[in-house]
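Comments concern the structure below.
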2 protein chains.
Amino acid sequence: MTQDDDKRLNDLRVDDLRRAFRRLGLRLTSQRVTVWRLFSDSTTGLTLPEACRALQEYAIGQATVYRVVNSLCELGFLLNIHGTNGEHRYLAGHPGHVHHLICRSCGHVREVTDCDLSTLEKLLAAQTGFAVEGHYLEFYGRCPRCGPSPG
Amino acid sequence: MTQDDDKRLNDLRVDDLRRAFRRLGLRLTSQRVTVWRLFSDSTTGLTLPEACRALQEYAIGQATVYRVVNSLCELGFLLNIHGTNGEHRYLAGHPGHVHHLICRSCGHVREVTDCDLSTLEKLLAAQTGFAVEGHYLEFYGRCPRCGPSPG
DNA sequence: TGAGTCATTGAGAAAAATTATCATAAAGGC
DNA sequence: GCCTTTATGATAATTTTTCTCAATGACTCA
């Protein structure tokens with residue numbers, strides 16, 4: 001698992017993207033592939049305006065960027081994380097239940113797959129009467145490259 | 001703890017607010033109190049535009065609303081939560097380390113104080129080399145009043 | 001493979017949200 | 001109650017997000 005982060009998600013075959021889009025009755029366009037590539041190359045995630053600026057180079061309009069990011073989110077290819085300043089960043093990830101470990105210094109993000117909060121969820125359900133359906137969990141700190149907090 | 005949610009945070013004395021502001025060299029103004037009251041009366045949190053609209057009634061300008069909400073966040077009186085549609089909502093809460101249980105149906109939020117993820121954090125630190133400094137955790141589900149998910 | 005259908009795109013406008021500016025108002029110290 | 005200094009409101013400016021619609025191009029079916 002240690003090296004999984006480095007081989008990013010470009011190896012997700014375009015055919016997988018096509019299948020996923022098709023499942024929603026959507027077509028696979030070159031723009032959608034390009035947007036996906038941009039995000040899957042990023043280890044920190046991008047905000048929507050950042051993505052728009054980066055994709056100008058490929059002559060992809062901003063309306064399209066917004067639309068594609070939304071679709072990729074719905075399909076589970078992109079996830080929302082909190083940037084260091086609270087801004088929304090979109091991060092490419094493996095579909096499924098994952099969490100993130102976010103470096104507050106450089107923004108590098110690493111996936112966390114092994115979390116088990118089910119007992120805590122049951123406890124909360126019993127205490128509060130809420131029907132707990134899921135959770136959103138992010139860890140933050142400093143990545144190995146940035147080293148421990150200064151001072 | 002069951003009834004703690006209902007007696008909201010209005011009982012936080014204005015003097016406490018003043019002391020907190022003073023600590024940052026800020027003055028306590030009627031606008032700041034009014035903004036605080038609005039948020040402390042809400043069990044679902046408000047977005048900034050929502051707050052601006054609500055505070056028009058009191059002739060508080062939107063620039064002020066943005067500034068005061070920022071201050072209240074820095075002081076720990078307001079916290080950021082994810083609304084049902086991913087939007088930022090600001091919620092009055094007791095300062096300190098708390099998490100939230102958010103109803104996906106009505107938006108009602110309840111504080112969760114008992115979480116212990118320290119062992120999980122240590123495990124992650126060992127596995128990844130990150131210096132884990134904290135976490136952000138939200139639970140979502142359906143509150144007792146809304147009942148379990150339909151269908 | 002080629003034509004037709006229909007979702008998708010880009011440009012631009014429009015709307016919404018956020019930030020900046022600055023003269024005026026008022027909080028807190030004396 | 002004055003005085004200093006911060007905070008406010010109105011307005012403008014900027015940024016972000018959404019909308020519209022003609023033109024393009026992906027996919028289906030023959």
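Chain lettering (A, B, ...) mirrors the order of the structure tokens, residue numbering begins at 1 for each chain separately, and ligand numbering begins at 1 in order of display.
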- Task: Give as a ChimeraX atom specification every residue of chain A that touches chain C within 10 Å, counting only C-alpha atoms (C1' of nucleotides).
- Result: /A:25-29,31,59-64
Please, could you write that set of residues out with N, CA, C and O atoms as a CSV table (one decimal), in the first residue's frame?
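File produced: again_28.csv:
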```csv
chain,number,residue,atom,x,y,z
A,25,GLY,N,-26.0,6.8,-18.9
A,25,GLY,CA,-26.5,7.3,-20.2
A,25,GLY,C,-25.7,8.5,-20.7
A,25,GLY,O,-26.2,9.2,-21.5
A,26,LEU,N,-24.4,8.6,-20.2
A,26,LEU,CA,-23.6,9.7,-20.7
A,26,LEU,C,-22.6,9.2,-21.7
A,26,LEU,O,-22.2,8.1,-21.6
A,27,ARG,N,-22.1,10.2,-22.5
A,27,ARG,CA,-21.1,9.8,-23.5
A,27,ARG,C,-19.7,10.1,-23.0
A,27,ARG,O,-19.5,11.0,-22.2
A,28,LEU,N,-18.8,9.4,-23.6
A,28,LEU,CA,-17.4,9.7,-23.2
A,28,LEU,C,-16.8,10.6,-24.3
A,28,LEU,O,-16.6,10.2,-25.4
A,29,THR,N,-16.5,11.8,-23.9
A,29,THR,CA,-16.0,12.8,-24.8
A,29,THR,C,-14.5,13.0,-24.5
A,29,THR,O,-14.0,12.7,-23.4
A,31,GLN,N,-13.2,15.8,-23.9
A,31,GLN,CA,-13.1,16.8,-22.8
A,31,GLN,C,-13.2,16.0,-21.5
A,31,GLN,O,-12.4,16.3,-20.5
A,59,ALA,N,-8.3,24.4,-24.3
A,59,ALA,CA,-9.5,25.0,-24.9
A,59,ALA,C,-10.8,24.3,-24.4
A,59,ALA,O,-11.7,24.1,-25.2
A,60,ILE,N,-10.8,24.0,-23.1
A,60,ILE,CA,-12.0,23.5,-22.6
A,60,ILE,C,-12.7,24.6,-21.8
A,60,ILE,O,-12.1,25.2,-20.9
A,61,GLY,N,-13.9,24.9,-22.1
A,61,GLY,CA,-14.6,26.0,-21.5
A,61,GLY,C,-15.0,25.7,-20.1
A,61,GLY,O,-15.1,24.6,-19.6
A,62,GLN,N,-15.1,26.8,-19.3
A,62,GLN,CA,-15.3,26.6,-17.9
A,62,GLN,C,-16.7,26.0,-17.6
A,62,GLN,O,-16.8,25.2,-16.6
A,63,ALA,N,-17.7,26.3,-18.4
A,63,ALA,CA,-19.0,25.6,-18.1
A,63,ALA,C,-18.8,24.1,-18.2
A,63,ALA,O,-19.4,23.4,-17.4
A,64,THR,N,-18.0,23.7,-19.2
A,64,THR,CA,-17.8,22.2,-19.3
A,64,THR,C,-17.0,21.7,-18.1
A,64,THR,O,-17.3,20.6,-17.6
```
- Message: When you look at Gly141 of chain B with a cut-off of 9 Å (counting only C-alpha atoms (C1' of nucleotides)), what residues show up, excluding the ones that are within fewer than 5 positions of it in the same chain? I need them as a PyMOL selection string.
- Response: (chain A and resi 130-135) or (chain B and resi 101-105+148-149)
May I have a table of the residues of chain B lying at most 10 Å from chain A, giving each one's closest pair of atoms and their distance in Å to one decimal, counting only C-alpha atoms, ordered by chain and ascending residue number, as a tab-separated table?
```
residue	atom	partner	partner_atom	distance
B:Met1	CA	A:Gln127	CA	9.2
B:Thr2	CA	A:Thr128	CA	7.3
B:Asn80	CA	A:Gly86	CA	8.5
B:His82	CA	A:Tyr136	CA	9.4
B:Gly86	CA	A:Asn80	CA	8.6
B:Glu87	CA	A:His88	CA	9.4
B:His88	CA	A:Gly86	CA	9.3
B:His100	CA	A:His135	CA	9.7
B:Leu101	CA	A:Phe130	CA	8.0
B:Ile102	CA	A:Phe130	CA	8.9
B:Cys103	CA	A:Phe130	CA	7.9
B:Arg104	CA	A:Glu133	CA	9.3
B:Arg110	CA	A:Thr128	CA	8.6
B:Glu111	CA	A:Thr128	CA	10.0
B:Val112	CA	A:Leu124	CA	8.2
B:Asp114	CA	A:Leu124	CA	9.1
B:Cys115	CA	A:Leu120	CA	7.9
B:Asp116	CA	A:Leu120	CA	9.2
B:Leu117	CA	A:Leu117	CA	9.3
B:Leu120	CA	A:Cys115	CA	7.9
B:Glu121	CA	A:Phe139	CA	8.1
B:Leu124	CA	A:Val112	CA	8.1
B:Ala125	CA	A:Gly141	CA	9.4
B:Gln127	CA	A:Thr2	CA	8.1
B:Thr128	CA	A:Thr2	CA	7.3
B:Gly129	CA	A:Pro144	CA	5.3
B:Phe130	CA	A:Cys143	CA	4.4
B:Ala131	CA	A:Arg142	CA	5.1
B:Val132	CA	A:Gly141	CA	4.3
B:Glu133	CA	A:Gly141	CA	4.5
B:Gly134	CA	A:Tyr140	CA	5.5
B:His135	CA	A:Phe139	CA	4.1
B:Tyr136	CA	A:Glu138	CA	5.1
B:Leu137	CA	A:Leu137	CA	4.5
B:Glu138	CA	A:Tyr136	CA	5.0
B:Phe139	CA	A:His135	CA	4.1
B:Tyr140	CA	A:Gly134	CA	5.5
B:Gly141	CA	A:Val132	CA	4.3
B:Arg142	CA	A:Ala131	CA	5.1
B:Cys143	CA	A:Phe130	CA	4.4
B:Pro144	CA	A:Gly129	CA	5.3
B:Arg145	CA	A:Phe130	CA	8.8
B:Cys146	CA	A:Phe130	CA	9.1
B:Gly147	CA	A:Ala131	CA	7.6
B:Pro148	CA	A:Ala131	CA	6.1
B:Ser149	CA	A:Ala131	CA	8.3
```
- Query: So, counting only C-alpha atoms (C1' of nucleotides), which residue among B:Leu78, B:Leu46, B:Ala126, B:Val68 is closest to chain D?
  - Reply: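 Among the listed residues, the smallest separation from chain D belongs to B:Val68.
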Taking only residues of chain D that have an atom at most 9 Å from an atom of chain B, what is each one's shortest atom pair and its distance in Å to one decimal, using only C-alpha atoms (C1' of nucleotides), in chain and number order, as a Markdown table?
```
| residue | atom | partner | partner_atom | distance |
| --- | --- | --- | --- | --- |
| D:DT6 | C1' | B:Arg27 | CA | 7.4 |
| D:DA7 | C1' | B:Thr29 | CA | 7.9 |
| D:DT8 | C1' | B:Thr64 | CA | 6.8 |
| D:DG9 | C1' | B:Gly61 | CA | 5.7 |
| D:DA10 | C1' | B:Gly61 | CA | 8.4 |
```
- atom CA of Asp41 of chain A and atom CA of Ala92 of chain A are how many Å apart?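 Calculated distance between atom CA of Asp41 of chain A and atom CA of Ala92 of chain A is 8.3 Å.
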- Task: Per DSSP on the backbone, filter chain B down to the residues in helix (DSSP H, G or I) and report them as a PyMOL selection string.
- Result: chain B and resi 9-11+14-23+30-40+48-56+62-74+118-128
- Residues within 6 Å of Thr47 of chain A, only C-alpha atoms (C1' of nucleotides), excluding chain neighbours under 2 positions, as a PyMOL selection string: chain A and resi 49-50+89
- One decimal, Å: what's the distance from atom C1' of DC19 of chain D over to atom CA of Val65 of chain A, could you say? 14.6 Å
- Task: If you run DSSP over the backbone, which residues in chain B end up strand (DSSP E or B)? Put them as a ChimeraX atom specification.
- Result: /B:46,78-82,88-92,99-103,109-112,131-142
- Determine the nearest neighbour of DT15 of chain D from the options A:Val33, A:Leu48, A:Gly76, A:Val14, counting only C-alpha atoms (C1' of nucleotides).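 The answer is A:Leu48, which sits nearest to DT15 of chain D.
Distance-wise, atom CA of Cys73 of chain A and atom CA of Arg37 of chain A end up 14.3 Å apart.
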- Could you tell me which of A:Ser71, A:Val109, A:Leu123, A:Tyr66 comes closest to DT16 of chain D if we count only C-alpha atoms (C1' of nucleotides)?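 Looking at the shortest contact to DT16 of chain D, the residue is A:Tyr66.
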